[in-house]
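Asker: Contents of work_10.csv (CSV, C-alpha atoms and all ligand atoms):
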chain,number,residue,atom,x,y,z
I,1,MET,CA,17.9,182.0,201.4
I,2,VAL,CA,21.5,183.1,201.5
I,3,VAL,CA,23.7,183.9,198.6
I,4,SER,CA,27.3,184.1,199.6
I,5,ARG,CA,30.2,185.3,197.5
I,6,ARG,CA,33.4,183.5,197.9
I,7,GLY,CA,36.5,183.7,195.7
I,8,ALA,CA,38.1,180.4,194.8
I,9,SER,CA,40.7,181.0,197.6
I,10,ALA,CA,42.1,177.6,198.7
I,11,LYS,CA,43.1,179.3,202.0
I,12,ALA,CA,39.7,179.7,203.4
I,13,PRO,CA,39.1,177.4,206.4
I,14,ARG,CA,37.3,174.2,206.0
I,15,THR,CA,34.0,174.7,207.7
I,16,GLN,CA,30.6,173.2,207.7
I,17,PHE,CA,27.9,175.4,206.2
I,18,GLU,CA,25.4,176.9,208.6
I,19,MET,CA,22.6,175.2,206.8
I,20,PRO,CA,19.7,177.4,205.8
I,21,SER,CA,17.1,175.7,203.6
I,22,SER,CA,18.6,177.1,200.4
I,23,HIS,CA,22.1,178.4,199.9
I,24,ILE,CA,23.8,179.5,196.7
I,25,VAL,CA,27.6,180.0,196.8
I,26,VAL,CA,29.1,182.1,194.1
I,27,GLY,CA,32.5,180.6,193.1
I,28,ASP,CA,34.2,177.6,191.6
I,29,CYS,CA,32.4,174.4,192.7
I,30,VAL,CA,35.7,172.4,193.1
I,31,ALA,CA,37.2,175.0,195.5
I,32,GLU,CA,33.9,175.6,197.3
I,33,MET,CA,32.9,171.9,197.7
I,34,SER,CA,36.3,171.3,199.3
I,35,LYS,CA,35.2,173.6,202.2
I,36,MET,CA,32.2,171.5,203.0
I,37,GLN,CA,32.2,168.8,205.6
I,38,ALA,CA,33.1,165.4,204.2
I,39,GLY,CA,30.2,162.9,204.2
I,40,SER,CA,27.5,165.4,204.8
I,41,VAL,CA,25.4,165.3,201.6
I,42,ASP,CA,22.5,163.0,200.8
I,43,LEU,CA,22.2,163.7,197.1
I,44,VAL,CA,24.2,165.4,194.3
I,45,PHE,CA,22.6,166.5,191.0
I,46,ALA,CA,25.1,167.8,188.5
I,47,ASP,CA,24.4,169.4,185.2
I,48,PRO,CA,28.0,170.2,184.2
I,49,PRO,CA,29.2,172.0,181.0
I,50,TYR,CA,28.7,169.5,178.1
I,51,ASN,CA,31.7,170.7,176.1
I,52,LEU,CA,29.4,170.9,173.0
I,53,GLN,CA,32.3,172.1,170.8
I,54,LEU,CA,30.1,174.2,168.7
I,55,LYS,CA,32.2,175.9,166.0
I,56,GLY,CA,31.0,179.4,165.1
I,57,ASP,CA,27.4,180.4,164.6
I,58,LEU,CA,24.8,177.7,164.2
I,59,LYS,CA,22.3,178.6,161.4
I,60,ARG,CA,19.1,177.1,160.0
I,61,PRO,CA,18.9,176.4,156.2
I,62,ASP,CA,17.2,179.8,155.8
I,63,GLU,CA,20.4,181.4,157.4
I,64,SER,CA,18.5,182.4,160.6
I,65,HIS,CA,20.5,182.2,163.8
I,66,VAL,CA,20.0,179.2,166.2
I,67,ASP,CA,20.0,180.1,169.8
I,68,ALA,CA,22.6,177.4,170.8
I,69,VAL,CA,24.9,177.1,173.8
I,70,ASN,CA,28.0,179.0,172.9
I,71,ASN,CA,29.1,180.3,176.3
I,72,ASP,CA,32.7,180.4,177.5
I,73,TRP,CA,31.8,178.2,180.5
I,74,ASP,CA,31.1,175.4,178.0
I,75,LYS,CA,34.4,175.6,176.2
I,76,PHE,CA,37.5,173.5,176.9
I,77,SER,CA,40.7,173.4,175.0
I,78,SER,CA,40.7,169.6,174.5
I,79,PHE,CA,39.1,166.4,175.6
I,80,ALA,CA,42.0,166.0,178.1
I,81,ALA,CA,41.2,169.4,179.6
I,82,TYR,CA,37.5,168.4,179.9
I,83,ASP,CA,38.5,165.1,181.5
I,84,ASP,CA,40.7,166.9,184.1
I,85,PHE,CA,37.9,169.2,185.0
I,86,THR,CA,35.4,166.3,185.2
I,87,ARG,CA,37.7,164.3,187.5
I,88,ALA,CA,38.3,167.3,189.7
I,89,TRP,CA,34.6,168.1,190.4
I,90,LEU,CA,33.6,164.5,190.7
I,91,LEU,CA,36.3,163.9,193.3
I,92,ALA,CA,35.2,167.0,195.2
I,93,ALA,CA,31.5,165.8,195.0
I,94,ARG,CA,32.4,162.3,196.1
I,95,ARG,CA,34.2,163.6,199.2
I,96,ILE,CA,31.1,165.4,200.5
I,97,MET,CA,28.7,162.5,199.8
I,98,LYS,CA,27.5,160.4,202.7
I,99,PRO,CA,28.4,156.7,202.2
I,100,SER,CA,24.7,156.1,201.4
I,101,ALA,CA,24.4,159.2,199.1
I,102,THR,CA,23.8,158.9,195.3
I,103,ILE,CA,24.8,161.2,192.5
I,104,TRP,CA,23.1,162.1,189.2
I,105,VAL,CA,25.0,163.5,186.3
I,106,ILE,CA,23.2,164.7,183.1
I,107,GLY,CA,24.8,165.0,179.7
I,108,SER,CA,24.6,164.4,176.0
I,109,TYR,CA,26.6,162.3,173.6
I,110,HIS,CA,29.2,165.0,173.6
I,111,ASN,CA,30.3,164.3,177.2
I,112,ILE,CA,28.3,161.6,178.9
I,113,PHE,CA,30.5,158.6,177.8
I,114,ARG,CA,33.7,160.4,179.1
I,115,VAL,CA,31.9,161.3,182.3
I,116,GLY,CA,30.6,157.7,182.8
I,117,ALA,CA,34.1,156.2,182.4
I,118,ILE,CA,35.6,158.7,184.8
I,119,MET,CA,32.9,158.0,187.3
I,120,GLN,CA,33.7,154.3,187.2
I,121,ASP,CA,37.4,155.0,187.4
I,122,LEU,CA,36.9,157.1,190.6
I,123,GLY,CA,34.9,154.3,192.3
I,124,PHE,CA,31.3,155.4,191.8
I,125,TRP,CA,28.9,152.5,191.1
I,126,VAL,CA,26.4,153.1,188.3
I,127,LEU,CA,22.9,152.2,189.3
I,128,ASN,CA,21.0,153.2,186.2
I,129,ASP,CA,21.3,155.4,183.1
I,130,ILE,CA,18.1,157.3,182.6
I,131,VAL,CA,17.1,158.5,179.2
I,132,TRP,CA,15.3,161.8,179.3
I,133,ARG,CA,13.3,161.7,176.1
I,134,LYS,CA,12.2,165.2,175.0
I,135,THR,CA,8.7,165.6,173.7
I,136,ASN,CA,9.7,168.8,171.9
I,137,PRO,CA,13.4,168.4,170.8
I,138,MET,CA,15.2,171.0,168.7
I,139,PRO,CA,15.2,169.7,165.1
I,140,ASN,CA,18.4,168.8,163.3
I,141,PHE,CA,18.4,171.8,161.0
I,142,ARG,CA,20.7,170.5,158.2
I,143,GLY,CA,19.2,167.1,158.1
I,144,ARG,CA,22.6,165.4,158.2
I,145,ARG,CA,22.0,163.4,161.4
I,146,PHE,CA,19.2,162.1,163.6
I,147,THR,CA,17.4,164.7,165.7
I,148,ASN,CA,18.9,164.7,169.2
I,149,ALA,CA,15.8,163.9,171.1
I,150,HIS,CA,17.3,162.8,174.4
I,151,GLU,CA,19.8,163.4,177.1
I,152,THR,CA,21.3,160.8,179.5
I,153,MET,CA,21.5,160.9,183.2
I,154,ILE,CA,23.8,158.6,185.1
I,155,TRP,CA,22.6,157.7,188.5
I,156,ALA,CA,25.4,156.2,190.7
I,157,ALA,CA,26.1,155.3,194.3
I,158,ARG,CA,29.3,156.5,196.0
I,159,ASP,CA,30.8,153.0,196.1
I,160,GLU,CA,30.2,149.6,194.7
I,161,ASN,CA,29.0,148.2,198.1
I,162,ALA,CA,27.0,151.3,199.1
I,163,LYS,CA,24.1,150.2,201.4
I,164,GLY,CA,21.0,152.0,202.3
I,165,TYR,CA,20.8,154.5,199.4
I,166,THR,CA,17.4,156.1,198.9
I,167,PHE,CA,15.2,154.7,196.1
I,168,ASN,CA,11.5,155.4,196.7
I,169,TYR,CA,10.5,152.3,194.7
I,170,GLU,CA,7.0,151.8,196.2
I,171,ALA,CA,6.0,155.5,195.8
I,172,LEU,CA,7.3,155.6,192.2
I,173,LYS,CA,5.4,152.4,191.4
I,174,ALA,CA,2.2,153.7,193.1
I,175,ALA,CA,2.4,156.9,191.0
I,176,ASN,CA,2.8,154.8,187.9
I,177,GLU,CA,-0.4,152.9,187.9
I,178,ASP,CA,1.2,150.2,190.1
I,179,VAL,CA,3.8,149.4,187.4
I,180,GLN,CA,7.6,149.6,188.1
I,181,ALA,CA,9.0,153.0,187.0
I,182,ARG,CA,11.1,152.7,183.9
I,183,SER,CA,14.5,154.2,182.9
I,184,ASP,CA,13.1,156.2,180.0
I,185,TRP,CA,11.4,159.4,181.0
I,186,LEU,CA,9.2,161.4,178.6
I,187,ILE,CA,9.4,165.0,179.7
I,188,PRO,CA,9.2,168.3,177.7
I,189,LEU,CA,12.0,170.8,177.5
I,190,CYS,CA,11.8,173.8,179.8
I,191,THR,CA,9.6,176.4,177.9
I,192,GLY,CA,6.8,178.9,178.6
I,193,ASP,CA,6.4,180.6,182.0
I,194,GLU,CA,8.9,178.2,183.6
I,195,ARG,CA,11.7,179.6,181.4
I,196,LEU,CA,13.5,182.5,183.2
I,197,LYS,CA,13.7,185.6,181.0
I,198,GLY,CA,15.6,188.9,181.5
I,199,GLY,CA,14.2,192.4,181.2
I,200,ASP,CA,15.1,192.2,177.5
I,201,GLY,CA,12.9,189.2,177.0
I,202,LYS,CA,15.8,186.9,176.3
I,203,LYS,CA,16.5,183.6,178.2
I,204,VAL,CA,18.6,184.2,181.3
I,205,HIS,CA,20.4,180.9,180.8
I,206,PRO,CA,20.8,178.7,177.7
I,207,THR,CA,20.4,175.3,179.4
I,208,GLN,CA,17.8,175.7,182.0
I,209,LYS,CA,16.5,172.2,182.9
I,210,PRO,CA,12.7,171.4,183.3
I,211,GLU,CA,11.5,171.3,186.8
I,212,GLY,CA,9.6,168.1,186.0
I,213,LEU,CA,12.9,166.3,185.4
I,214,LEU,CA,14.3,167.4,188.7
I,215,ALA,CA,11.1,166.6,190.5
I,216,ARG,CA,11.4,163.0,189.3
I,217,VAL,CA,15.1,162.9,190.3
I,218,LEU,CA,14.5,164.2,193.8
I,219,LEU,CA,11.3,162.2,194.4
I,220,SER,CA,12.9,159.0,193.4
I,221,SER,CA,16.2,159.3,195.3
I,222,SER,CA,15.8,161.6,198.3
I,223,LYS,CA,13.7,162.2,201.3
I,224,PRO,CA,12.2,165.4,202.8
I,225,GLY,CA,14.9,167.1,204.9
I,226,ASP,CA,17.8,165.6,202.9
I,227,LEU,CA,20.7,167.8,201.9
I,228,VAL,CA,20.9,168.2,198.1
I,229,VAL,CA,23.9,169.7,196.3
I,230,ASP,CA,24.1,171.0,192.8
I,231,PRO,CA,27.7,171.9,191.8
I,232,PHE,CA,26.4,173.7,188.6
I,233,ASN,CA,23.5,175.7,189.9
I,234,GLY,CA,22.8,177.8,186.8
I,235,THR,CA,19.3,179.2,187.2
I,236,GLY,CA,18.7,177.1,190.4
I,237,THR,CA,16.3,174.5,188.9
I,238,THR,CA,17.5,171.9,191.4
I,239,GLY,CA,17.2,174.4,194.3
I,240,ALA,CA,13.7,175.5,193.3
I,241,VAL,CA,12.5,171.9,193.1
I,242,ALA,CA,14.3,171.0,196.3
I,243,LYS,CA,12.7,173.8,198.2
I,244,ARG,CA,9.2,172.9,196.9
I,245,LEU,CA,9.8,169.3,198.0
I,246,GLY,CA,11.1,170.2,201.4
I,247,ARG,CA,14.7,169.3,200.8
I,248,ARG,CA,17.7,171.4,201.9
I,249,TYR,CA,19.8,172.8,199.1
I,250,VAL,CA,23.3,174.1,198.4
I,251,GLY,CA,24.2,175.2,194.9
I,252,PHE,CA,27.5,176.4,193.5
I,253,GLU,CA,27.6,178.8,190.5
I,254,ARG,CA,30.6,180.8,189.1
I,255,ASP,CA,28.5,183.4,187.3
I,256,GLN,CA,27.0,186.1,189.6
I,257,THR,CA,24.2,186.9,187.1
I,258,TYR,CA,22.9,183.3,187.1
I,259,ALA,CA,23.2,183.1,190.9
I,260,THR,CA,21.2,186.3,191.4
I,261,ALA,CA,18.5,185.0,189.0
I,262,ALA,CA,18.4,181.7,190.8
I,263,GLU,CA,18.2,183.4,194.2
I,264,ALA,CA,15.1,185.3,193.2
I,265,ARG,CA,13.6,182.2,191.7
I,266,ILE,CA,14.1,180.1,194.7
I,267,ALA,CA,13.0,182.8,197.1
I,268,ALA,CA,9.6,182.8,195.4
I,269,ILE,CA,9.0,179.1,195.8
I,270,GLU,CA,6.6,177.9,198.5
I,271,PRO,CA,7.3,174.5,199.9
I,272,LEU,CA,4.5,172.0,199.5
I,273,PRO,CA,2.4,171.2,202.6
I,274,GLU,CA,4.2,168.6,204.7
I,275,ALA,CA,1.4,166.1,204.4
I,276,THR,CA,1.9,165.9,200.7
I,277,LEU,CA,5.6,165.1,201.2
I,278,ALA,CA,5.4,162.6,203.9
I,279,PRO,CA,7.4,159.5,203.0
I,280,PHE,CA,5.4,156.8,201.3
I,281,MET,CA,4.5,154.2,203.9
I,282,THR,CA,5.0,150.7,202.5
I,283,ALA,CA,3.3,147.7,204.1
I,284,ARG,CA,6.8,146.6,205.1
I,285,GLY,CA,7.9,150.0,206.4
I,286,ALA,CA,4.8,150.8,208.3
I,287,PRO,CA,5.1,150.6,212.1
I,288,ARG,CA,3.9,147.2,213.5
I,289,VAL,CA,0.6,147.2,215.2
I,290,ALA,CA,-0.6,144.1,217.0
I,291,PHE,CA,-4.3,143.2,217.0
I,292,SER,CA,-4.2,143.3,220.8
I,293,GLU,CA,-3.6,147.1,220.6
I,294,LEU,CA,-7.1,147.5,219.1
I,295,VAL,CA,-8.4,145.7,222.1
I,296,GLU,CA,-6.2,147.6,224.6
I,297,ARG,CA,-7.3,150.9,223.1
I,298,GLY,CA,-11.0,149.9,223.3
I,299,MET,CA,-11.5,150.1,219.5
I,300,ILE,CA,-12.7,146.5,219.7
I,301,VAL,CA,-14.1,145.2,223.0
I,302,PRO,CA,-13.6,141.6,224.1
I,303,GLY,CA,-16.6,139.6,223.0
I,304,THR,CA,-17.0,141.4,219.7
I,305,LYS,CA,-17.8,139.1,216.7
I,306,LEU,CA,-15.4,139.3,213.7
I,307,VAL,CA,-16.8,138.2,210.4
I,308,ASP,CA,-15.5,137.8,206.8
I,309,SER,CA,-16.9,140.0,204.1
I,310,LYS,CA,-19.7,137.5,203.2
I,311,LYS,CA,-20.4,136.8,206.9
I,312,LYS,CA,-19.8,133.1,206.3
I,313,HIS,CA,-17.4,132.8,209.2
I,314,ALA,CA,-17.5,134.4,212.7
I,315,ALA,CA,-14.9,134.5,215.4
I,316,LEU,CA,-15.0,135.9,218.9
I,317,VAL,CA,-12.5,138.4,220.2
I,318,ARG,CA,-10.9,137.4,223.5
I,319,ALA,CA,-9.6,139.7,226.2
I,320,ASP,CA,-6.0,138.8,225.5
I,321,GLY,CA,-6.2,139.8,221.8
I,322,ALA,CA,-6.4,136.3,220.4
I,323,ILE,CA,-9.6,135.2,218.6
I,324,MET,CA,-11.7,132.1,218.8
I,325,LEU,CA,-13.1,130.2,215.9
I,326,GLY,CA,-15.3,127.4,217.1
I,327,ASP,CA,-13.2,125.7,219.7
I,328,LYS,CA,-9.9,126.8,218.2
I,329,VAL,CA,-8.0,129.8,219.5
I,330,GLY,CA,-5.2,131.7,217.7
I,331,SER,CA,-4.2,134.9,215.9
I,332,ILE,CA,-6.4,136.8,213.4
I,333,HIS,CA,-4.2,135.3,210.7
I,334,ARG,CA,-4.2,131.7,211.8
I,335,MET,CA,-7.9,131.7,212.4
I,336,GLY,CA,-8.5,133.4,209.1
I,337,ALA,CA,-6.5,130.7,207.4
I,338,LEU,CA,-8.4,128.0,209.3
I,339,ALA,CA,-11.8,129.4,208.3
I,340,GLN,CA,-10.9,129.3,204.6
I,341,GLY,CA,-9.0,126.0,204.8
I,342,ALA,CA,-6.0,128.0,203.5
I,343,GLU,CA,-2.3,127.7,204.2
I,344,ALA,CA,-2.0,131.4,205.2
I,345,CYS,CA,-4.2,134.4,205.5
I,346,ASN,CA,-3.7,138.1,206.2
I,347,GLY,CA,-6.2,138.5,209.0
I,348,TRP,CA,-6.1,142.3,208.7
I,349,SER,CA,-7.8,142.1,205.3
I,350,PHE,CA,-10.1,139.1,206.1
I,351,TRP,CA,-11.9,140.0,209.3
I,352,HIS,CA,-14.4,142.8,209.8
I,353,VAL,CA,-16.4,144.3,212.7
I,354,GLU,CA,-20.1,145.0,212.3
I,355,THR,CA,-20.9,148.7,212.7
I,356,MET,CA,-24.1,150.8,212.3
I,357,LYS,CA,-22.9,151.7,208.8
I,358,GLY,CA,-22.1,148.1,207.8
I,359,LEU,CA,-18.9,146.0,207.9
I,360,LYS,CA,-15.6,147.7,208.7
I,361,LEU,CA,-12.3,145.9,207.9
I,362,ILE,CA,-10.1,145.7,210.9
I,363,ASP,CA,-7.2,147.0,208.8
I,364,GLU,CA,-9.1,150.4,208.8
I,365,LEU,CA,-8.9,150.4,212.6
I,366,ARG,CA,-5.1,149.6,212.3
I,367,ALA,CA,-4.7,152.5,209.8
I,368,GLU,CA,-6.2,154.9,212.4
I,369,ILE,CA,-3.6,153.9,214.9
I,370,ARG,CA,-0.8,154.2,212.4
I,371,SER,CA,-1.8,157.7,211.4
I,372,GLU,CA,-1.9,158.7,215.0
I,373,MET,CA,1.6,157.3,215.3
I,374,ALA,CA,2.8,159.2,212.2
I,375,ALA,CA,1.3,162.5,213.6
I,376,GLY,CA,3.5,161.9,216.7
J,1,LIG,C1,24.6,173.3,182.2
J,1,LIG,S1,24.6,174.7,183.2
J,1,LIG,C2,23.5,174.2,184.5
J,1,LIG,C3,22.0,174.7,184.3
J,1,LIG,C4,21.1,174.4,185.4
J,1,LIG,N1,20.9,173.0,185.6
J,1,LIG,C5,19.7,175.0,185.2
J,1,LIG,O1,18.7,174.3,185.2
J,1,LIG,O2,19.7,176.3,185.1
J,1,LIG,C6,26.1,174.7,183.9
J,1,LIG,C7,26.4,175.9,184.9
J,1,LIG,O3,27.6,175.6,185.6
J,1,LIG,C8,28.3,176.9,185.7
J,1,LIG,N2,29.7,176.5,185.9
J,1,LIG,C9,30.6,176.0,185.0
J,1,LIG,N3,31.8,175.7,185.6
J,1,LIG,C10,31.6,175.9,186.9
J,1,LIG,C11,32.5,175.7,188.0
J,1,LIG,N4,33.7,175.3,187.9
J,1,LIG,N5,32.0,176.1,189.2
J,1,LIG,C12,30.7,176.5,189.4
J,1,LIG,N6,29.9,176.7,188.4
J,1,LIG,C13,30.3,176.4,187.1
J,1,LIG,C14,28.0,177.6,184.5
J,1,LIG,O4,28.1,179.0,184.7
J,1,LIG,C15,26.6,177.2,184.2
J,1,LIG,O5,25.6,178.1,184.7
How would this structure read if it were set down as structure tokens?
Answerer:
Amino acid sequence: MVVSRRGASAKAPRTQFEMPSSHIVVGDCVAEMSKMQAGSVDLVFADPPYNLQLKGDLKRPDESHVDAVNNDWDKFSSFAAYDDFTRAWLLAARRIMKPSATIWVIGSYHNIFRVGAIMQDLGFWVLNDIVWRKTNPMPNFRGRRFTNAHETMIWAARDENAKGYTFNYEALKAANEDVQARSDWLIPLCTGDERLKGGDGKKVHPTQKPEGLLARVLLSSSKPGDLVVDPFNGTGTTGAVAKRLGRRYVGFERDQTYATAAEARIAAIEPLPEATLAPFMTARGAPRVAFSELVERGMIVPGTKLVDSKKKHAALVRADGAIMLGDKVGSIHRMGALAQGAEACNGWSFWHVETMKGLKLIDELRAEIRSEMAAG
């Protein structure tokens, strides 16, 4: 973990970062991102100032003070000033993105529509807008509007024709009871032990995001080892989750106090064991294993009888890796189809070998070879 302090000097040479696993740079994100190598980043997550335009103290009907975001870093003199700032940091982020990289920007009704329009103007291609629905939103104290119960995240590719961006579709689906993951996410606000507090017991940062939200962002759109950048590091939520999930991280933060808190937070994170992070192997993505490999490796000896689950059909394994059903010879798939009088058949999930412990699907033998391959 390295925290480096750099001024916003535009004279500093343009260098590539030596890349430790987590790196927080104290300084202005536009100036600092411009020192990074172009096209070097896999994923950007940005939680910029929302320009909430809160006027004065926010109070409840009983006149008690509401702990709202009233920091100087969230204040802009006009919408035009906010748009200029947004354009500048988005351009700097786009320059460092690989052609296949994607970007997430989170915001609320105060800013997200302006941000979205600027993103489209700059050439980003919106892939989704995700609604983060809060289980425990702050009430609308005066009862004059709806409760703001959500924030919006824009997920975009660098260009309209971007190819090969990461979307872990199969893993997300498997984790969601085999149903496609939706664009509305129900996740609580960051509270309890997760919320960073100072020695005075007060929140270190007014807008610390929940780790659950960042975990879903990183798990859906990045891979272990990817380089993730957050231009608005704050308490380092993105960095903490990135480290836990085995991603590399660079965060930018202007405020030294926030950066120091983030550094301690990230340093305390233990990455998850590699086996729990290994990319989800889809049927299509898994390495091809031919049936003949099972024979070559001696896992099935020539002459073995293959049977279906009900032992209605039996085929003989030949030395060359084809199988024989009656007087017909062919692949495990073709002979499986023939046995059932079907057009097609996945032989891997049709044929079994007989073992002392009962029938074993030949797909289980293939899985053994694949896990050997994955272990290298
Ligand atoms: C909305 S907060 C991010 C909170 C963060 N996601 C977290 O979970 O803690 C925005 C942060 O950006 C920082 N910031 C604002 N303008 C900046 C700039 N130009 N360069 C770097 N940091 C900036 C602020 O100090 C603030 O901590």
Asker: List all protein, DNA and RNA residues that have an atom no more than 9 Å from any atom of ligand LIG 1 (chain J), counting only C-alpha atoms and all ligand atoms, and report them as number ranges by chain.
Answerer: I: 25-32, 45-50, 71-74, 85, 89, 106-107, 190, 196, 204-211, 214, 230-238, 251-256, 258-259, 262
Asker: In file coordinates, which residues lie within 12 Å of (11.1, 165.6, 190.6) using all atoms listed in the file, given as an mmCIF file with C-alpha atoms, in the coordinates of the input?
Answerer:
data_model
loop_
_atom_site.group_PDB
_atom_site.id
_atom_site.type_symbol
_atom_site.label_atom_id
_atom_site.label_comp_id
_atom_site.auth_asym_id
_atom_site.auth_seq_id
_atom_site.Cartn_x
_atom_site.Cartn_y
_atom_site.Cartn_z
ATOM 1 C CA PHE I 45 22.600 166.500 191.000
ATOM 2 C CA ASN I 168 11.500 155.400 196.700
ATOM 3 C CA LEU I 172 7.300 155.600 192.200
ATOM 4 C CA TRP I 185 11.400 159.400 181.000
ATOM 5 C CA ILE I 187 9.400 165.000 179.700
ATOM 6 C CA LYS I 209 16.500 172.200 182.900
ATOM 7 C CA PRO I 210 12.700 171.400 183.300
ATOM 8 C CA GLU I 211 11.500 171.300 186.800
ATOM 9 C CA GLY I 212 9.600 168.100 186.000
ATOM 10 C CA LEU I 213 12.900 166.300 185.400
ATOM 11 C CA LEU I 214 14.300 167.400 188.700
ATOM 12 C CA ALA I 215 11.100 166.600 190.500
ATOM 13 C CA ARG I 216 11.400 163.000 189.300
ATOM 14 C CA VAL I 217 15.100 162.900 190.300
ATOM 15 C CA LEU I 218 14.500 164.200 193.800
ATOM 16 C CA LEU I 219 11.300 162.200 194.400
ATOM 17 C CA SER I 220 12.900 159.000 193.400
ATOM 18 C CA SER I 221 16.200 159.300 195.300
ATOM 19 C CA SER I 222 15.800 161.600 198.300
ATOM 20 C CA LYS I 223 13.700 162.200 201.300
ATOM 21 C CA THR I 237 16.300 174.500 188.900
ATOM 22 C CA THR I 238 17.500 171.900 191.400
ATOM 23 C CA GLY I 239 17.200 174.400 194.300
ATOM 24 C CA ALA I 240 13.700 175.500 193.300
ATOM 25 C CA VAL I 241 12.500 171.900 193.100
ATOM 26 C CA ALA I 242 14.300 171.000 196.300
ATOM 27 C CA LYS I 243 12.700 173.800 198.200
ATOM 28 C CA ARG I 244 9.200 172.900 196.900
ATOM 29 C CA LEU I 245 9.800 169.300 198.000
ATOM 30 C CA GLY I 246 11.100 170.200 201.400
ATOM 31 C CA ARG I 247 14.700 169.300 200.800
ATOM 32 C CA LEU I 277 5.600 165.100 201.200
#
Asker: Please, what distance in Å, to one decimal, runs between atom CA of I:Lys202 and atom CA of I:Lys134?
Answerer: 22.0 Å
Asker: Suppose you want the space between atom CA of I:Pro287 and atom CA of I:Arg370; what is it in Å?
Answerer: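 Atom CA of I:Pro287 sits 6.9 Å away from atom CA of I:Arg370.
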Asker: Which is closest to I:Ala149 among I:Thr135, I:Ser77, I:Asn346, I:Gln340, if we use all atoms listed in the file?
Answerer: I:Thr135
Asker: Near I:Leu122, counting all atoms listed in the file, which residues have an atom at most 9 Å away, once you skip same-chain residues fewer than 5 positions from it, shown as an MDAnalysis selection string?
Answerer: chainID I and resid 87 90:91 94 117
Asker: Check the smallest atom-to-atom distance from each of I:Ile96, I:Ala367, I:Ala278, I:Cys345 to I:Ala171 using only C-alpha atoms, then report the winner.
Answerer: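 For I:Ala171, the nearest of the given residues is I:Ala278.
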Asker: So, with all atoms listed in the file as the atoms that count, which of I:Ile118, I:Ala290, I:Ala38, I:Val126 lies closest to I:Pro99?
Answerer: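 The closest residue to I:Pro99 is I:Ala38.
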Asker: When you draw a straight line from atom CA of I:Glu364 to atom CA of I:Trp348, how long is it in Å?
Answerer: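 Value for the atom CA of I:Glu364-atom CA of I:Trp348 distance: 8.6 Å.
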Asker: Choose the residue, out of I:Glu274, I:Asp83, I:Glu354, I:Glu293, that has the smallest atom-to-atom separation from I:Ala314; count only C-alpha atoms.
Answerer: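 Smallest separation from I:Ala314 among the options: I:Glu354.
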Asker: Would you mind listing what lies within 9 Å of I:Arg334 as a compact mmCIF listing (two decimals) with C-alpha atoms, keeping the file's coordinate frame, with only C-alpha atoms counted and same-chain residues fewer than 3 positions away left out?
Answerer:
# COMPACT_ATOMS: atom_id res chain seq x y z
CA VAL I 329 -8.00 129.80 219.50
CA GLY I 330 -5.20 131.70 217.70
CA SER I 331 -4.20 134.90 215.90
CA ALA I 337 -6.50 130.70 207.40
CA LEU I 338 -8.40 128.00 209.30
CA ALA I 339 -11.80 129.40 208.30
CA GLU I 343 -2.30 127.70 204.20
CA ALA I 344 -2.00 131.40 205.20
CA CYS I 345 -4.20 134.40 205.50
CA ASN I 346 -3.70 138.10 206.20
CA GLY I 347 -6.20 138.50 209.00
Asker: Determine, counting all atoms listed in the file, which protein, DNA and RNA residues have an atom within 10 Å of an atom of I:Thr147; residues of the same chain fewer than 5 positions away are not included. Present the result as a ChimeraX atom specification.
Answerer: /I:137-141
Asker: Show me, as a compact mmCIF listing (two decimals) with C-alpha atoms, keeping the file's coordinate frame, the residues that have an atom within 10 Å of I:Arg114 when counting all atoms listed in the file, minus same-chain residues fewer than 2 positions from it.
Answerer:
# COMPACT_ATOMS: atom_id res chain seq x y z
CA PHE I 79 39.10 166.40 175.60
CA TYR I 82 37.50 168.40 179.90
CA ASP I 83 38.50 165.10 181.50
CA THR I 86 35.40 166.30 185.20
CA TYR I 109 26.60 162.30 173.60
CA HIS I 110 29.20 165.00 173.60
CA ASN I 111 30.30 164.30 177.20
CA ILE I 112 28.30 161.60 178.90
CA GLY I 116 30.60 157.70 182.80
CA ALA I 117 34.10 156.20 182.40
CA ILE I 118 35.60 158.70 184.80
CA MET I 119 32.90 158.00 187.30
Asker: How would stretch 45-51 of chain I look with N, CA and C atoms restored, written as a compact mmCIF listing (two decimals), in the coordinates of the input?
Answerer:
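Output contents, as saved in part35.txt:
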# COMPACT_ATOMS: atom_id res chain seq x y z
N PHE I 45 23.05 166.41 192.44
CA PHE I 45 22.60 166.50 191.00
C PHE I 45 23.51 167.40 190.31
N ALA I 46 24.11 166.94 189.23
CA ALA I 46 25.10 167.80 188.50
C ALA I 46 24.72 167.87 187.03
N ASP I 47 24.63 169.11 186.57
CA ASP I 47 24.40 169.40 185.20
C ASP I 47 25.59 170.20 184.69
N PRO I 48 26.72 169.51 184.43
CA PRO I 48 28.00 170.20 184.20
C PRO I 48 28.00 170.77 182.74
N PRO I 49 28.99 171.59 182.41
CA PRO I 49 29.20 172.00 181.00
C PRO I 49 29.29 170.67 180.17
N TYR I 50 28.68 170.69 178.97
CA TYR I 50 28.70 169.50 178.10
C TYR I 50 29.87 169.46 177.16
N ASN I 51 30.61 170.58 177.05
CA ASN I 51 31.70 170.70 176.10
C ASN I 51 31.15 170.38 174.68
